[in-house]
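Note: the block below is my_file-v6.pdb and it holds PDB, C-alpha atoms and all ligand atoms.
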ATOM      1  CA  MET A   1     -34.286 -37.321  -9.810  1.00  0.00           C
ATOM      2  CA  SER A   2     -36.577 -36.954  -6.844  1.00  0.00           C
ATOM      3  CA  LYS A   3     -39.663 -39.056  -6.556  1.00  0.00           C
ATOM      4  CA  PHE A   4     -41.668 -37.543  -3.749  1.00  0.00           C
ATOM      5  CA  LEU A   5     -42.393 -34.097  -2.438  1.00  0.00           C
ATOM      6  CA  ARG A   6     -43.596 -33.305   1.034  1.00  0.00           C
ATOM      7  CA  LEU A   7     -46.187 -30.582   0.696  1.00  0.00           C
ATOM      8  CA  LYS A   8     -47.883 -28.435   3.256  1.00  0.00           C
ATOM      9  CA  CYS A   9     -51.372 -27.259   2.504  1.00  0.00           C
ATOM     10  CA  ALA A  10     -52.671 -23.850   3.542  1.00  0.00           C
ATOM     11  CA  CYS A  11     -54.809 -25.706   6.124  1.00  0.00           C
ATOM     12  CA  GLY A  12     -51.682 -27.038   7.839  1.00  0.00           C
ATOM     13  CA  ASN A  13     -51.892 -30.619   6.628  1.00  0.00           C
ATOM     14  CA  GLU A  14     -48.650 -32.176   5.410  1.00  0.00           C
ATOM     15  CA  GLN A  15     -48.566 -35.014   2.945  1.00  0.00           C
ATOM     16  CA  ASN A  16     -46.196 -36.752   0.579  1.00  0.00           C
ATOM     17  CA  VAL A  17     -47.044 -36.754  -3.101  1.00  0.00           C
ATOM     18  CA  PHE A  18     -45.510 -38.359  -6.151  1.00  0.00           C
ATOM     19  CA  ALA A  19     -43.444 -35.701  -7.924  1.00  0.00           C
ATOM     20  CA  ASN A  20     -44.372 -37.018 -11.343  1.00  0.00           C
ATOM     21  CA  ALA A  21     -48.053 -37.563 -10.695  1.00  0.00           C
ATOM     22  CA  SER A  22     -50.290 -37.472 -13.731  1.00  0.00           C
ATOM     23  CA  THR A  23     -53.420 -36.495 -11.857  1.00  0.00           C
ATOM     24  CA  LYS A  24     -54.359 -33.523  -9.722  1.00  0.00           C
ATOM     25  CA  LEU A  25     -53.223 -33.857  -6.133  1.00  0.00           C
ATOM     26  CA  LYS A  26     -55.616 -32.835  -3.429  1.00  0.00           C
ATOM     27  CA  CYS A  27     -55.264 -32.257   0.276  1.00  0.00           C
ATOM     28  CA  LEU A  28     -56.643 -35.244   2.172  1.00  0.00           C
ATOM     29  CA  VAL A  29     -57.964 -32.992   4.915  1.00  0.00           C
ATOM     30  CA  CYS A  30     -59.597 -29.998   3.248  1.00  0.00           C
ATOM     31  CA  GLY A  31     -59.730 -31.094  -0.378  1.00  0.00           C
ATOM     32  CA  ALA A  32     -57.769 -28.116  -1.710  1.00  0.00           C
ATOM     33  CA  LEU A  33     -55.753 -28.602  -4.859  1.00  0.00           C
ATOM     34  CA  LEU A  34     -52.102 -28.968  -3.857  1.00  0.00           C
ATOM     35  CA  ALA A  35     -50.453 -29.616  -7.200  1.00  0.00           C
ATOM     36  CA  LYS A  36     -51.338 -30.279 -10.784  1.00  0.00           C
ATOM     37  CA  PRO A  37     -49.683 -32.401 -13.454  1.00  0.00           C
ATOM     38  CA  THR A  38     -47.541 -30.717 -16.070  1.00  0.00           C
ATOM     39  CA  GLY A  39     -46.252 -33.686 -18.018  1.00  0.00           C
ATOM     40  CA  SER A  40     -43.121 -33.961 -15.945  1.00  0.00           C
ATOM     41  CA  ARG A  41     -42.856 -32.739 -12.400  1.00  0.00           C
ATOM     42  CA  VAL A  42     -46.036 -31.483 -10.800  1.00  0.00           C
ATOM     43  CA  GLU A  43     -46.631 -27.788 -10.375  1.00  0.00           C
ATOM     44  CA  VAL A  44     -47.430 -26.779  -6.814  1.00  0.00           C
ATOM     45  CA  THR A  45     -50.362 -24.424  -6.437  1.00  0.00           C
ATOM     46  CA  GLU A  46     -50.300 -21.065  -4.740  1.00  0.00           C
ATOM     47  CA  GLY A  47     -50.640 -21.400  -0.971  1.00  0.00           C
ATOM     48  CA  THR A  48     -48.991 -24.818  -0.908  1.00  0.00           C
ATOM     49  CA  LYS A  49     -45.433 -25.107   0.369  1.00  0.00           C
ATOM     50  CA  VAL A  50     -42.846 -27.662  -0.605  1.00  0.00           C
ATOM     51  CA  LEU A  51     -41.282 -28.667   2.693  1.00  0.00           C
ATOM     52  CA  ARG A  52     -38.891 -31.282   1.467  1.00  0.00           C
ATOM     53  CA  VAL A  53     -37.869 -33.299  -1.543  1.00  0.00           C
ATOM     54  CA  LEU A  54     -37.683 -36.955  -0.636  1.00  0.00           C
TER      55      LEU A  54
HETATM   56 ZN    ZN B   1     -55.662 -28.768   3.268  1.00  0.00          ZN
END

I'd like the structure from this file rewritten - as structure tokens, please.
Ligand SMILES: [Zn+2]
Amino acid sequence: MSKFLRLKCACGNEQNVFANASTKLKCLVCGALLAKPTGSRVEVTEGTKVLRVL
């Protein structure tokens, strides 16, 4: 099972997030919501790209 996802925000910022995070994940640059918790793996929001599974 993967543990981290590398996400790219609509603003261009890339960051690694915990795939099983239990809190909302926000972009560190623009503050946009990147992914939200679902109970298991996070659900990536519209406009956010999953670049890689780490
Ligand atoms: Zn952003």

Around ligand ZN 1 (chain B), at most 8 Å away and counting all atoms listed in the file, which residues are there? Put them as a PyMOL selection string, please.
-> chain A and resi 8-13+26-32+34

List the residues sitting within 9 Å of (-47.3, -33.8, 1.2) in the file's frame, using only C-alpha atoms, as number ranges by chain.
-> A: 4-9, 13-18, 27, 34, 49-52

Quick one: residues within 8 Å of Lys3 of chain A, only C-alpha atoms counted, chain neighbours fewer than 2 positions away excluded, as a PDB file with C-alpha atoms, in the coordinates of the input?
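Written file, part_28.pdb:
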ATOM      1  CA  MET A   1     -34.286 -37.321  -9.810  1.00  0.00           C
ATOM      2  CA  LEU A   5     -42.393 -34.097  -2.438  1.00  0.00           C
ATOM      3  CA  PHE A  18     -45.510 -38.359  -6.151  1.00  0.00           C
ATOM      4  CA  ALA A  19     -43.444 -35.701  -7.924  1.00  0.00           C
ATOM      5  CA  ASN A  20     -44.372 -37.018 -11.343  1.00  0.00           C
ATOM      6  CA  VAL A  53     -37.869 -33.299  -1.543  1.00  0.00           C
ATOM      7  CA  LEU A  54     -37.683 -36.955  -0.636  1.00  0.00           C
TER       8      LEU A  54
END

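Atom to atom, atom CA of Leu33 of chain A and atom CA of Ala21 of chain A stand 13.2 Å apart.
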
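Taken over the whole file, the PyMOL selection byres (((chain A and resi 40) around 10) and not hetatm) covers exactly A:Ala19, A:Asn20, A:Ala21, A:Ser22, A:Pro37, A:Thr38, A:Gly39, A:Arg41, A:Val42, A:Glu43.
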